[in-house]
>>> print(open('coords_6.pdb').read())   # PDB, C-alpha atoms, pLDDT in the B column
ATOM      1  CA  MET G  33       0.000   0.000   0.000  1.00 53.00           C
ATOM      2  CA  GLY G  34       1.061   3.576  -0.549  1.00 66.00           C
ATOM      3  CA  ALA G  35       1.607   6.242   2.064  1.00 68.00           C
ATOM      4  CA  ILE G  36       1.297   9.992   2.372  1.00 69.00           C
ATOM      5  CA  ASN G  37       4.270  11.617   4.043  1.00 69.00           C
ATOM      6  CA  VAL G  38       3.680  14.895   5.839  1.00 69.00           C
ATOM      7  CA  LYS G  39       6.860  16.947   6.113  1.00 71.00           C
ATOM      8  CA  HIS G  40       7.474  18.623   9.427  1.00 64.00           C
ATOM      9  CA  THR G  41       8.662  22.201   9.040  1.00 70.00           C
ATOM     10  CA  GLY G  42      10.126  22.533  12.537  1.00 69.00           C
ATOM     11  CA  ALA G  43      11.957  20.156  14.810  1.00 72.00           C
ATOM     12  CA  GLY G  44      10.830  16.518  14.778  1.00 70.00           C
ATOM     13  CA  ALA G  45      10.231  13.760  12.291  1.00 75.00           C
ATOM     14  CA  ASP G  46       7.909  13.576   9.283  1.00 75.00           C
ATOM     15  CA  ILE G  47       4.555  11.799   9.691  1.00 74.00           C
ATOM     16  CA  ALA G  48       3.419   8.894   7.469  1.00 77.00           C
ATOM     17  CA  LEU G  49      -0.290   8.317   6.814  1.00 72.00           C
ATOM     18  CA  SER G  50      -1.048   4.933   5.218  1.00 75.00           C
ATOM     19  CA  SER G  51      -3.444   1.990   5.130  1.00 71.00           C
ATOM     20  CA  ASP G  52      -3.025  -1.762   5.510  1.00 71.00           C
ATOM     21  CA  GLY G  53      -6.230  -2.368   3.541  1.00 69.00           C
ATOM     22  CA  THR G  54      -8.358  -2.527   6.690  1.00 69.00           C
ATOM     23  CA  SER G  55      -7.303   0.321   8.987  1.00 70.00           C
ATOM     24  CA  LEU G  56      -5.979   3.842   8.645  1.00 70.00           C
ATOM     25  CA  LEU G  57      -2.429   3.952   9.995  1.00 72.00           C
ATOM     26  CA  LEU G  58      -0.528   6.890  11.464  1.00 72.00           C
ATOM     27  CA  ASP G  59       3.192   6.077  11.496  1.00 75.00           C
ATOM     28  CA  GLY G  60       2.241   2.377  11.339  1.00 74.00           C
ATOM     29  CA  THR G  61      -0.323   2.466  14.180  1.00 76.00           C
ATOM     30  CA  ALA G  62      -4.061   2.023  13.542  1.00 74.00           C
ATOM     31  CA  ILE G  63      -6.168   5.108  14.270  1.00 71.00           C
ATOM     32  CA  GLY G  64      -9.904   5.840  14.282  1.00 64.00           C
ATOM     33  CA  GLY G  65     -12.467   3.033  14.433  1.00 57.00           C
ATOM     34  CA  GLY G  66     -15.325   4.809  16.148  1.00 52.00           C
ATOM     35  CA  GLY G  67     -13.698   6.060  19.309  1.00 51.00           C
ATOM     36  CA  GLY G  68     -13.450   2.988  21.485  1.00 56.00           C
ATOM     37  CA  ALA G  69     -12.902  -0.695  21.947  1.00 60.00           C
ATOM     38  CA  ALA G  70     -15.174  -3.258  20.353  1.00 62.00           C
ATOM     39  CA  LEU G  71     -18.149  -4.470  22.377  1.00 61.00           C
ATOM     40  CA  GLU G  72     -17.087  -7.710  24.026  1.00 68.00           C
ATOM     41  CA  LEU G  73     -19.664  -8.561  26.684  1.00 64.00           C
ATOM     42  CA  TYR G  74     -22.392 -10.019  24.520  1.00 71.00           C
ATOM     43  CA  ALA G  75     -22.880 -12.390  21.606  1.00 78.00           C
ATOM     44  CA  GLU G  76     -25.743 -12.874  19.235  1.00 81.00           C
ATOM     45  CA  ASN G  77     -26.801 -15.569  16.826  1.00 84.00           C
ATOM     46  CA  PRO G  78     -29.756 -14.200  14.845  1.00 83.00           C
ATOM     47  CA  SER G  79     -31.695 -16.274  12.350  1.00 85.00           C
ATOM     48  CA  SER G  80     -34.119 -14.174  10.268  1.00 86.00           C
ATOM     49  CA  PRO G  81     -34.727 -11.714  13.139  1.00 89.00           C
ATOM     50  CA  THR G  82     -37.249  -8.897  13.308  1.00 93.00           C
ATOM     51  CA  ALA G  83     -35.352  -5.827  14.466  1.00 93.00           C
ATOM     52  CA  PRO G  84     -36.167  -4.528  17.953  1.00 95.00           C
ATOM     53  CA  SER G  85     -37.845  -1.105  18.169  1.00 95.00           C
ATOM     54  CA  ALA G  86     -37.010   1.420  20.910  1.00 96.00           C
ATOM     55  CA  THR G  87     -38.898   4.627  20.119  1.00 96.00           C
ATOM     56  CA  GLY G  88     -39.402   6.048  23.619  1.00 95.00           C
ATOM     57  CA  THR G  89     -36.947   8.468  25.224  1.00 95.00           C
ATOM     58  CA  ASN G  90     -34.208   6.431  26.947  1.00 94.00           C
ATOM     59  CA  ALA G  91     -36.006   3.227  25.960  1.00 96.00           C
ATOM     60  CA  VAL G  92     -34.232  -0.099  25.382  1.00 95.00           C
ATOM     61  CA  ALA G  93     -35.442  -3.058  23.320  1.00 95.00           C
ATOM     62  CA  ILE G  94     -33.431  -6.262  23.030  1.00 94.00           C
ATOM     63  CA  GLY G  95     -34.592  -9.390  21.239  1.00 93.00           C
ATOM     64  CA  ASN G  96     -36.431 -10.519  18.149  1.00 94.00           C
ATOM     65  CA  GLY G  97     -39.388  -8.192  17.563  1.00 95.00           C
ATOM     66  CA  SER G  98     -39.188  -6.608  21.019  1.00 96.00           C
ATOM     67  CA  LYS G  99     -40.587  -3.084  21.481  1.00 97.00           C
ATOM     68  CA  ALA G 100     -40.065  -0.267  23.976  1.00 97.00           C
ATOM     69  CA  HIS G 101     -42.366   2.565  22.974  1.00 96.00           C
ATOM     70  CA  SER G 102     -42.447   4.956  25.931  1.00 96.00           C
ATOM     71  CA  ILE G 103     -40.070   6.931  28.127  1.00 96.00           C
ATOM     72  CA  ASP G 104     -37.683   4.732  30.172  1.00 96.00           C
ATOM     73  CA  ALA G 105     -39.361   1.548  28.906  1.00 97.00           C
ATOM     74  CA  ILE G 106     -37.443  -1.732  28.621  1.00 96.00           C
ATOM     75  CA  GLY G 107     -38.514  -4.642  26.429  1.00 96.00           C
ATOM     76  CA  LEU G 108     -36.487  -7.866  26.541  1.00 96.00           C
ATOM     77  CA  GLY G 109     -37.047 -11.057  24.615  1.00 94.00           C
ATOM     78  CA  ASN G 110     -38.963 -12.324  21.645  1.00 94.00           C
ATOM     79  CA  GLY G 111     -42.081 -10.233  21.046  1.00 94.00           C
ATOM     80  CA  SER G 112     -41.975  -8.326  24.334  1.00 97.00           C
ATOM     81  CA  TRP G 113     -43.723  -4.952  24.378  1.00 97.00           C
ATOM     82  CA  ALA G 114     -43.074  -2.228  26.955  1.00 97.00           C
ATOM     83  CA  ARG G 115     -45.791   0.285  26.066  1.00 97.00           C
ATOM     84  CA  GLY G 116     -46.138   2.557  29.083  1.00 96.00           C
ATOM     85  CA  ALA G 117     -43.693   4.946  30.760  1.00 97.00           C
ATOM     86  CA  THR G 118     -41.172   3.234  33.060  1.00 97.00           C
ATOM     87  CA  THR G 119     -42.428  -0.239  32.152  1.00 97.00           C
ATOM     88  CA  PHE G 120     -40.493  -3.505  31.980  1.00 97.00           C
ATOM     89  CA  ALA G 121     -41.497  -6.418  29.783  1.00 98.00           C
ATOM     90  CA  ALA G 122     -39.604  -9.693  29.405  1.00 97.00           C
ATOM     91  CA  PHE G 123     -41.469 -11.915  26.920  1.00 97.00           C
ATOM     92  CA  GLY G 124     -44.667 -10.116  27.986  1.00 97.00           C
ATOM     93  CA  ASP G 125     -46.757  -6.982  27.441  1.00 98.00           C
ATOM     94  CA  ALA G 126     -46.436  -4.121  29.958  1.00 98.00           C
ATOM     95  CA  ARG G 127     -49.131  -1.654  28.933  1.00 97.00           C
ATOM     96  CA  SER G 128     -49.433   1.018  31.612  1.00 97.00           C
ATOM     97  CA  VAL G 129     -47.216   3.312  33.709  1.00 97.00           C
ATOM     98  CA  ALA G 130     -44.730   1.484  35.956  1.00 97.00           C
ATOM     99  CA  SER G 131     -46.139  -1.933  35.082  1.00 97.00           C
ATOM    100  CA  VAL G 132     -44.100  -5.133  34.818  1.00 97.00           C
ATOM    101  CA  ALA G 133     -44.782  -8.246  32.716  1.00 98.00           C
ATOM    102  CA  ILE G 134     -42.407 -11.202  32.929  1.00 97.00           C
ATOM    103  CA  GLY G 135     -43.123 -14.487  31.176  1.00 97.00           C
ATOM    104  CA  LEU G 136     -44.614 -15.737  27.922  1.00 96.00           C
ATOM    105  CA  GLY G 137     -48.100 -14.378  27.374  1.00 96.00           C
ATOM    106  CA  THR G 138     -48.076 -12.123  30.460  1.00 97.00           C
ATOM    107  CA  VAL G 139     -50.033  -8.852  30.431  1.00 98.00           C
ATOM    108  CA  SER G 140     -49.931  -6.019  32.951  1.00 97.00           C
ATOM    109  CA  SER G 141     -52.470  -3.458  31.797  1.00 97.00           C
ATOM    110  CA  ALA G 142     -52.898  -1.007  34.692  1.00 97.00           C
ATOM    111  CA  ASP G 143     -50.599   1.382  36.554  1.00 97.00           C
ATOM    112  CA  ALA G 144     -48.056  -0.399  38.781  1.00 97.00           C
ATOM    113  CA  ALA G 145     -49.476  -3.834  37.900  1.00 97.00           C
ATOM    114  CA  LEU G 146     -47.202  -6.885  38.104  1.00 97.00           C
ATOM    115  CA  ALA G 147     -47.714 -10.056  36.047  1.00 97.00           C
ATOM    116  CA  LEU G 148     -45.267 -12.930  36.619  1.00 97.00           C
ATOM    117  CA  GLY G 149     -45.315 -16.343  35.008  1.00 96.00           C
ATOM    118  CA  ARG G 150     -46.705 -17.736  31.803  1.00 96.00           C
ATOM    119  CA  ASP G 151     -50.094 -16.331  30.772  1.00 96.00           C
ATOM    120  CA  SER G 152     -50.522 -14.210  33.934  1.00 97.00           C
ATOM    121  CA  TYR G 153     -52.815 -11.155  33.670  1.00 97.00           C
ATOM    122  CA  ALA G 154     -52.642  -8.196  36.085  1.00 97.00           C
ATOM    123  CA  LEU G 155     -55.544  -5.998  35.020  1.00 97.00           C
ATOM    124  CA  ALA G 156     -56.128  -3.536  37.915  1.00 97.00           C
ATOM    125  CA  ALA G 157     -53.938  -0.788  39.381  1.00 97.00           C
ATOM    126  CA  SER G 158     -51.266  -2.241  41.670  1.00 96.00           C
ATOM    127  CA  ALA G 159     -52.541  -5.783  40.985  1.00 97.00           C
ATOM    128  CA  ILE G 160     -50.209  -8.764  41.263  1.00 96.00           C
ATOM    129  CA  SER G 161     -50.765 -11.900  39.210  1.00 96.00           C
ATOM    130  CA  LEU G 162     -48.636 -15.035  39.587  1.00 94.00           C
TER     131      LEU G 162
END
>>> encode(input="coords_6.pdb", output="structure tokens")
Amino acid sequence: MGAINVKHTGAGADIALSSDGTSLLLDGTAIGGGGGAALELYAENPSSPTAPSATGTNAVAIGNGSKAHSIDAIGLGNGSWARGATTFAAFGDARSVASVAIGLGTVSSADAALALGRDSYALAASAISL
């Protein structure tokens, strides 16, 4: 590969800018790359995934088809949906403010409702369903 040499007009050595075909090199050392180290604390193995959707402010969605559509909402797992503000859904549907739904088919549809376990429904404010 070629290099661009930048002549120094004062004291000190010239600078060489080049490429190894993958990285930009400054005097032989890779530079750039997005400002940090590669992410190393997770792995994924997608097979025809549906992209997660996090549209709420400070929302997080992780998993195939998961959604976090309100402020501070978190949706984890296949098809989870955190709809209300400050909700948490893991494989479930948390529909109202501060509600939590954990488990396949769970629904928490009122403020501060908690649904835990497969097919649990918490339908009233502050209700708990196990």
>>> closest_residue(input="coords_6.pdb", among="G:Ser141, G:Thr82, G:Asn90, G:Ser131", to="G:Gly109", atoms="all atoms listed in the file")
G:Thr82
>>> resolve_selection(input="coords_6.pdb", expression="the PyMOL selection byres ((chain G and resi 149-160) around 7)", output="list of chain:residue names")
G:Ile134, G:Gly135, G:Leu136, G:Gly137, G:Thr138, G:Val139, G:Ser140, G:Ser141, G:Ala142, G:Asp143, G:Ala144, G:Ala145, G:Leu146, G:Ala147, G:Leu148, G:Ser161, G:Leu162
>>> resolve_selection(input="coords_6.pdb", expression="the PyMOL selection byres ((chain G and resi 87) around 7)", output="ChimeraX atom specification")
/G:85-86,88-89,91,100-102
>>> atom_distance(input="coords_6.pdb", atom1="atom CA of G:Ala130", atom2="atom CA of G:Asn96")
23.0 Å
>>> residues_around(input="coords_6.pdb", residues="G:Ala83", least_positions_apart="3", cutoff="9 Å", atoms="all atoms listed in the file", output="list in words")
Ile94, Gly95, Asn96, Gly97 and Ser98 of chain G
>>> atom_distance(input="coords_6.pdb", atom1="atom CA of G:Pro81", atom2="atom CA of G:Val132")
24.5 Å
>>> closest_residue(input="coords_6.pdb", among="G:Gly116, G:Lys99, G:Leu58, G:Leu108", to="G:Asp46", atoms="all atoms listed in the file")
G:Leu58
>>> atom_distance(input="coords_6.pdb", atom1="atom CA of G:Ile106", atom2="atom CA of G:Val92")
4.8 Å
>>> resolve_selection(input="coords_6.pdb", expression="the PyMOL selection byres ((chain G and resi 119-121) around 8)", output="list in words")
Asp104, Ala105, Ile106, Gly107, Leu108, Ser112, Trp113, Ala114, Arg115, Gly116, Ala117, Thr118, Ala122, Phe123, Gly124, Asp125, Ala126, Arg127, Ser128, Val129, Ala130, Ser131, Val132, Ala133 and Ile134 of chain G
